[in-house]
Every structure is written in C-alpha cells, then in structure tokens.
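Heads up, structure.cif below (mmCIF, C-alpha atoms):
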```
data_upload
loop_
_atom_site.label_atom_id
_atom_site.label_comp_id
_atom_site.auth_asym_id
_atom_site.auth_seq_id
_atom_site.Cartn_x
_atom_site.Cartn_y
_atom_site.Cartn_z
CA VAL A 671 129.44 64.49 4.31
CA SER A 672 131.66 65.23 7.30
CA ALA A 673 129.00 67.66 8.54
CA LEU A 674 126.46 64.85 8.95
CA ARG A 675 128.15 63.79 12.19
CA TYR A 676 126.90 67.00 13.81
CA PHE A 677 123.27 66.30 12.94
CA ALA A 678 122.95 62.51 12.75
CA ARG A 679 125.36 61.86 15.61
CA SER A 680 126.69 58.98 13.53
CA GLN A 681 130.20 59.52 14.83
CA THR A 682 131.73 61.73 17.48
CA PRO A 683 133.37 64.90 16.17
CA PRO A 684 137.03 65.40 17.08
CA SER A 685 137.65 66.58 20.64
CA VAL A 686 139.40 69.72 19.37
CA ILE A 687 135.93 70.74 18.15
CA THR A 688 133.68 69.38 20.91
CA ASP A 689 135.92 70.76 23.69
CA ASN A 690 135.25 74.27 22.42
CA ALA A 691 133.73 76.36 25.22
CA PHE A 692 130.95 77.55 22.90
CA ALA A 693 130.32 74.34 20.94
CA ASN A 694 126.82 74.18 22.37
CA PRO A 695 124.81 75.72 20.63
CA PHE A 696 127.10 77.47 18.14
CA LEU A 697 128.68 74.44 16.48
CA VAL A 698 125.43 73.18 14.96
CA LEU A 699 124.48 76.72 13.86
CA HIS A 700 127.88 77.26 12.24
CA VAL A 701 127.80 73.91 10.48
CA ALA A 702 124.24 74.44 9.23
CA GLY A 703 125.03 77.91 7.89
CA GLY A 704 128.39 76.87 6.50
CA VAL A 705 127.17 73.74 4.73
CA THR A 706 124.26 75.65 3.20
CA ALA A 707 126.65 78.35 1.94
CA LEU A 708 129.02 75.71 0.58
CA ILE A 709 126.16 74.10 -1.36
CA VAL A 710 124.44 77.16 -2.81
CA GLY A 711 127.49 79.46 -3.10
CA PRO A 712 129.05 77.84 -6.17
CA LEU A 713 125.66 77.78 -7.93
CA GLN A 714 125.70 81.58 -7.82
CA PHE A 715 128.60 81.66 -10.26
CA VAL A 716 127.04 79.40 -12.89
CA ARG A 717 126.41 81.75 -15.81
CA ARG A 718 123.68 79.54 -17.27
CA ILE A 719 121.59 79.80 -14.08
CA ARG A 720 122.05 83.58 -13.85
CA ALA A 721 121.17 84.11 -17.52
CA ARG A 722 118.28 81.67 -17.94
CA THR A 723 116.67 81.83 -14.51
CA PRO A 724 117.64 85.03 -12.71
CA ALA A 725 114.87 84.41 -10.16
CA VAL A 726 116.65 81.18 -9.13
CA HIS A 727 119.92 83.11 -8.83
CA ARG A 728 118.25 85.71 -6.60
CA ALA A 729 116.45 83.11 -4.46
CA THR A 730 119.55 80.98 -3.90
CA GLY A 731 121.49 84.18 -3.32
CA TRP A 732 119.19 85.08 -0.44
CA VAL A 733 119.60 81.54 0.92
CA TYR A 734 123.38 82.10 0.80
CA VAL A 735 123.00 85.44 2.62
CA ALA A 736 120.85 83.80 5.31
CA ALA A 737 123.41 81.00 5.67
CA CYS A 738 126.13 83.60 6.16
CA ALA A 739 123.99 85.48 8.68
CA ILE A 740 123.75 82.28 10.73
CA GLY A 741 127.17 80.73 10.08
CA ALA A 742 129.41 83.77 10.55
CA PRO A 743 128.38 84.89 14.06
CA ALA A 744 128.31 81.27 15.22
CA GLY A 745 131.79 80.82 13.73
CA PHE A 746 132.98 83.91 15.58
CA MET A 747 131.75 82.46 18.86
CA LEU A 748 133.52 79.19 18.09
CA ALA A 749 136.70 81.15 17.35
CA LEU A 750 136.49 82.68 20.81
CA GLY A 751 136.15 79.25 22.41
CA THR A 752 138.78 77.31 20.48
CA THR A 753 141.09 75.06 22.49
CA ALA A 754 143.93 75.71 20.04
CA GLY A 755 144.93 79.04 21.61
CA PRO A 756 144.92 82.71 20.64
CA VAL A 757 146.69 82.32 17.29
CA ALA A 758 144.02 79.91 16.08
CA SER A 759 141.31 82.05 17.67
CA LEU A 760 142.37 84.99 15.50
CA GLY A 761 142.82 82.73 12.48
CA PHE A 762 139.22 81.55 12.83
CA GLY A 763 137.81 84.86 14.06
CA ILE A 764 139.00 87.16 11.28
CA PRO A 765 137.24 85.26 8.47
CA ALA A 766 134.12 85.07 10.67
CA VAL A 767 134.16 88.89 10.65
CA LEU A 768 135.10 89.26 6.97
CA TRP A 769 132.50 86.82 5.65
CA PRO A 770 129.41 88.89 6.53
CA ILE A 771 131.16 92.15 5.59
CA PHE A 772 131.98 90.84 2.11
CA THR A 773 128.48 89.39 1.78
CA TYR A 774 126.84 92.66 2.86
CA ARG A 775 128.94 94.67 0.40
CA GLY A 776 127.96 92.22 -2.36
CA VAL A 777 124.28 92.53 -1.54
CA ARG A 778 124.48 96.34 -1.46
CA ALA A 779 126.20 96.35 -4.84
CA ALA A 780 123.49 94.10 -6.33
CA ILE A 781 120.74 96.29 -4.93
CA GLY A 782 122.52 99.27 -6.49
CA ARG A 783 122.72 97.35 -9.79
CA ARG A 784 126.53 97.46 -9.72
CA PHE A 785 126.85 93.87 -10.89
CA ALA A 786 130.61 93.75 -11.52
CA GLU A 787 131.18 95.01 -7.98
CA HIS A 788 128.53 92.57 -6.70
CA ARG A 789 130.31 89.66 -8.33
CA ALA A 790 133.70 90.68 -6.92
CA TRP A 791 132.38 90.97 -3.34
CA MET A 792 130.49 87.70 -3.60
CA LEU A 793 133.60 85.94 -4.92
CA ARG A 794 135.42 87.21 -1.83
CA SER A 795 132.56 86.00 0.35
CA ASP A 796 132.66 82.58 -1.30
CA ALA A 797 136.44 82.46 -0.79
CA ILE A 798 135.82 82.80 2.94
CA SER A 799 133.02 80.23 3.00
CA ALA A 800 135.30 77.78 1.15
CA THR A 801 137.82 78.04 3.98
CA SER A 802 136.43 74.89 5.56
CA ARG A 803 137.17 72.92 2.38
CA THR A 804 140.72 74.22 2.26
CA ARG A 805 141.27 73.44 5.94
CA ARG A 806 139.98 69.89 5.53
CA LEU A 807 142.36 69.31 2.64
CA ARG A 808 145.39 70.69 4.48
CA LEU A 809 144.96 68.98 7.85
CA PRO A 810 145.46 65.43 6.49
CA LEU A 811 148.46 66.67 4.51
CA ALA A 812 150.01 67.98 7.73
CA VAL A 813 149.46 64.57 9.35
CA VAL A 814 151.11 62.81 6.39
CA LEU A 815 154.07 65.22 6.65
CA GLY A 816 154.40 64.38 10.35
CA ILE A 817 153.58 67.86 11.61
CA PRO A 818 152.06 67.75 15.12
CA PHE A 819 148.34 68.51 15.13
CA PHE A 820 148.08 71.72 17.16
CA PRO A 821 150.93 73.60 15.45
CA ALA A 822 149.50 72.58 12.07
CA TYR A 823 145.97 73.50 13.14
CA ARG A 824 147.10 76.97 14.21
CA VAL A 825 148.92 77.66 10.95
CA ILE A 826 146.15 76.19 8.83
CA SER A 827 143.55 78.34 10.64
CA TRP A 828 145.26 81.27 8.88
CA LEU A 829 146.45 79.68 5.64
CA ALA A 830 143.03 78.27 4.74
CA TRP A 831 141.33 81.65 4.36
CA LEU A 832 144.38 83.74 3.43
CA THR A 833 145.30 81.58 0.44
CA ASN A 834 141.66 81.36 -0.71
CA LEU A 835 141.28 85.12 -0.52
CA ALA A 836 144.65 85.76 -2.20
CA LEU A 837 143.77 83.44 -5.09
CA PHE A 838 140.39 85.10 -5.58
CA GLU A 839 142.01 88.55 -5.48
CA LEU A 840 144.52 87.44 -8.12
CA TYR A 841 141.64 86.15 -10.23
CA LEU A 842 139.76 89.45 -9.86
CA ARG A 843 142.81 91.39 -11.02
#
```
Could the structure of this file be written out as structure tokens, please?
Amino acid sequence: VSALRYFARSQTPPSVITDNAFANPFLVLHVAGGVTALIVGPLQFVRRIRARTPAVHRATGWVYVAACAIGAPAGFMLALGTTAGPVASLGFGIPAVLWPIFTYRGVRAAIGRRFAEHRAWMLRSDAISATSRTRRLRLPLAVVLGIPFFPAYRVISWLAWLTNLALFELYLR
C-alpha cells in the first residue's frame, strides 16, 4: 500500500527518499521490482502450488526473477544516492548486490535440478527482498523509542537485511 504513493502520486514520499540524487528514474523502477517480488516471492514457497501446479510455480518464479533484475540494480543506484551518508549507502548497497547473486544461484540450481539447493538460495533471495518490510516495521519503532531519524535509519539500513538473512540461515540449518 505504501508503494502506491510512487505511482498514484496520492501523497508525497518522505524527503529522505525524494532527495536521493538518483530518485529519478530509479525509485519507480526499484519500487516496481520490489513490490512485484514481495507479492510473488512468498507464493513460491507454498507447497500446494508447487505440487499441484508446477507450471504456475515456474511462471511466477520467472516473474520474481524479472522483478529482481529490475529492482536490484535500481536499488543499488538509490543506495549510491542516499542522503543518509556512507553507512546507509553500504547498508542499502550490499543487499542490492546480494539479491541478484542469490537469485541467480537459485535459478542455476533449479536448472540443474538441484532443488534443495534451489530452495535454499531462493529463501536467501526472499530474505533480501523482504528487507523493505523489516525496515518499515523498525522505523516506526525507532520513532516511538525516541531515536533520532537519521541515526536510526543508518542502523536499520543494516539490521533490516542482516537479521532477515541470519534468521533464514538459522532456518536452513
């Protein structure tokens, strides 16, 4: 729902986002790719869909891959242009690099019919794509705790993806 503001222009996005040096055109590309991945990604892990309609799993999987191919490079450009400084730039940039790497490794494993490996890499990829959810849950918490925005934003730019990835790695083990 929060992504609609970028397409419908129903409300102005926060200045920390619109002041990004590369917001135009990369913000809309990143949001489009990211939202698509957030919608179709979880469907990939529904056993019933994979078992009963593998063609749907494959088709939505390719949609996820395309979303990553659009969202990740755009996210990397946004990381370079962030107004929150170099710590946040790295915190946003590293997952923008990891996301397509994990996705590529997952696709290669599926093509090689190594499905356990495919699932593990795609779980990692989904952990990275879910970073935006984690960030959006943590930012209001920081406000409630009275933590100033930019210090919280910098820390959360790292914690959002690191904790997601750590939890998925624990699950995989």
Selected by the PyMOL selection byres ((chain A and resi 734) around 8) in the shown coordinates: which residues, as an NGL selection string?
-> :A and (706-707 or 710-711 or 730-733 or 735-738)
Polymer residues at most 12 Å from Ile740 in chain A, all atoms listed in the file, same-chain spacing of 2 or more positions, as a ChimeraX atom specification = /A:695-707,733-738,742-747,766,769-770
Starting from the displayed file, determine the output of the PyMOL selection byres ((chain A and resi 758) around 9) and express the residue list as a PyMOL selection string.
-> chain A and resi 749+752-757+759-763+823-828
Atom pair CA of Asn690 in chain A / CA of Leu750 in chain A: separation (Å) =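 These two atoms are separated by 8.7 Å.
Note that CA of Asp796 in chain A and CA of Leu708 in chain A are 8.0 Å apart.
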Atomic distance CA of Ala725 in chain A - CA of Leu713 in chain A, expressed in Å with one decimal |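 For CA of Ala725 in chain A relative to CA of Leu713 in chain A, the distance reads 12.9 Å.
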Tell me which of A:Ala830, A:Ala812, A:Ser799, A:Ala790 sits closest to Leu842 in chain A, counting all atoms listed in the file.
->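 Using all atoms listed in the file, the shortest distance to Leu842 in chain A belongs to A:Ala790.
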Shell of 7 Å around range 773-783 of chain A, all atoms listed in the file, local chain residues under 6 positions omitted, as a list in words | Val735, Arg789, Trp791, Met792 and Ser795 of chain A
Using the chain letters and residue numbers of this document, give as an NGL selection string the residues selected by the PyMOL selection byres ((chain A and resi 797) around 8).
-> :A and (793-796 or 798-801 or 831 or 834-835 or 838)
Give the centre and edge lengths of an axis-aligned box, in Å to one decimal, that holds all listed atoms of range 696-700 of chain A with 3 Å on each side, as lines of an AutoDock Vina configuration file.
```
center_x = 126.6
center_y = 75.3
center_z = 15.2
size_x = 10.2
size_y = 10.3
size_z = 11.9
```
Of A:Arg805, A:Phe772, A:Gly751, A:Leu840, the one sitting nearest His788 in chain A when using only C-alpha atoms is A:Phe772
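In this comparison, which uses all atoms listed in the file, the residue of A:Ile817, A:Arg843, A:Arg803, A:Leu748 approaching Asn694 in chain A most closely is A:Leu748.
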With N, CA, C and O atoms as the goal, would you fill in the gaps in range 816-841 of chain A and present it as a short mmCIF file (atom, residue, chain, number, x, y, z; two decimals), keeping the file's coordinate frame?
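Output file rebuild_37.cif follows:
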```
data_model
loop_
_atom_site.label_atom_id
_atom_site.label_comp_id
_atom_site.auth_asym_id
_atom_site.auth_seq_id
_atom_site.Cartn_x
_atom_site.Cartn_y
_atom_site.Cartn_z
N GLY A 816 153.90 64.58 9.00
CA GLY A 816 154.40 64.38 10.35
C GLY A 816 154.42 65.63 11.21
O GLY A 816 155.11 65.68 12.22
N ILE A 817 153.64 66.63 10.83
CA ILE A 817 153.58 67.86 11.61
C ILE A 817 152.59 67.64 12.76
O ILE A 817 151.47 67.19 12.52
N PRO A 818 152.98 67.94 13.99
CA PRO A 818 152.06 67.75 15.12
C PRO A 818 150.76 68.53 14.91
O PRO A 818 150.76 69.62 14.32
N PHE A 819 149.66 67.98 15.43
CA PHE A 819 148.34 68.51 15.13
C PHE A 819 148.17 69.98 15.50
O PHE A 819 147.79 70.79 14.66
N PHE A 820 148.39 70.35 16.75
CA PHE A 820 148.08 71.72 17.16
C PHE A 820 148.91 72.78 16.44
O PHE A 820 148.35 73.79 16.00
N PRO A 821 150.21 72.60 16.25
CA PRO A 821 150.93 73.60 15.45
C PRO A 821 150.38 73.70 14.02
O PRO A 821 150.23 74.80 13.48
N ALA A 822 150.07 72.57 13.43
CA ALA A 822 149.50 72.58 12.07
C ALA A 822 148.14 73.25 12.06
O ALA A 822 147.85 74.07 11.19
N TYR A 823 147.33 72.94 13.04
CA TYR A 823 145.97 73.50 13.14
C TYR A 823 146.02 75.02 13.25
O TYR A 823 145.24 75.73 12.62
N ARG A 824 146.97 75.52 14.04
CA ARG A 824 147.10 76.97 14.21
C ARG A 824 147.50 77.64 12.90
O ARG A 824 146.93 78.67 12.53
N VAL A 825 148.47 77.07 12.22
CA VAL A 825 148.92 77.66 10.95
C VAL A 825 147.82 77.56 9.90
O VAL A 825 147.54 78.52 9.17
N ILE A 826 147.18 76.41 9.83
CA ILE A 826 146.15 76.19 8.83
C ILE A 826 144.93 77.08 9.09
O ILE A 826 144.24 77.48 8.15
N SER A 827 144.67 77.43 10.35
CA SER A 827 143.55 78.34 10.64
C SER A 827 143.74 79.68 9.92
O SER A 827 142.76 80.36 9.62
N TRP A 828 144.96 80.05 9.64
CA TRP A 828 145.26 81.27 8.88
C TRP A 828 145.38 80.98 7.39
O TRP A 828 144.82 81.68 6.56
N LEU A 829 146.18 79.96 7.05
CA LEU A 829 146.45 79.68 5.64
C LEU A 829 145.19 79.35 4.84
O LEU A 829 145.09 79.71 3.67
N ALA A 830 144.23 78.69 5.47
CA ALA A 830 143.03 78.27 4.74
C ALA A 830 142.30 79.46 4.13
O ALA A 830 141.96 79.45 2.94
N TRP A 831 142.07 80.50 4.90
CA TRP A 831 141.33 81.65 4.36
C TRP A 831 142.24 82.63 3.64
O TRP A 831 141.83 83.23 2.65
N LEU A 832 143.48 82.79 4.10
CA LEU A 832 144.38 83.74 3.43
C LEU A 832 144.70 83.32 2.01
O LEU A 832 144.70 84.14 1.09
N THR A 833 144.98 82.03 1.80
CA THR A 833 145.30 81.58 0.44
C THR A 833 144.05 81.63 -0.45
O THR A 833 144.15 82.03 -1.61
N ASN A 834 142.89 81.25 0.09
CA ASN A 834 141.66 81.36 -0.71
C ASN A 834 141.44 82.80 -1.15
O ASN A 834 141.19 83.07 -2.33
N LEU A 835 141.52 83.72 -0.21
CA LEU A 835 141.28 85.12 -0.52
C LEU A 835 142.32 85.66 -1.49
O LEU A 835 141.99 86.38 -2.44
N ALA A 836 143.58 85.30 -1.30
CA ALA A 836 144.65 85.76 -2.20
C ALA A 836 144.42 85.24 -3.63
O ALA A 836 144.57 86.01 -4.60
N LEU A 837 144.02 83.99 -3.75
CA LEU A 837 143.77 83.44 -5.09
C LEU A 837 142.59 84.12 -5.77
O LEU A 837 142.64 84.43 -6.96
N PHE A 838 141.54 84.40 -5.01
CA PHE A 838 140.39 85.10 -5.58
C PHE A 838 140.76 86.53 -5.97
O PHE A 838 140.31 87.03 -6.99
N GLU A 839 141.57 87.19 -5.14
CA GLU A 839 142.01 88.55 -5.48
C GLU A 839 142.86 88.55 -6.75
O GLU A 839 142.71 89.44 -7.60
N LEU A 840 143.74 87.57 -6.89
CA LEU A 840 144.52 87.44 -8.12
C LEU A 840 143.61 87.24 -9.33
O LEU A 840 143.80 87.83 -10.38
N TYR A 841 142.60 86.39 -9.16
CA TYR A 841 141.64 86.15 -10.23
C TYR A 841 140.91 87.44 -10.61
O TYR A 841 140.72 87.74 -11.79
#
```
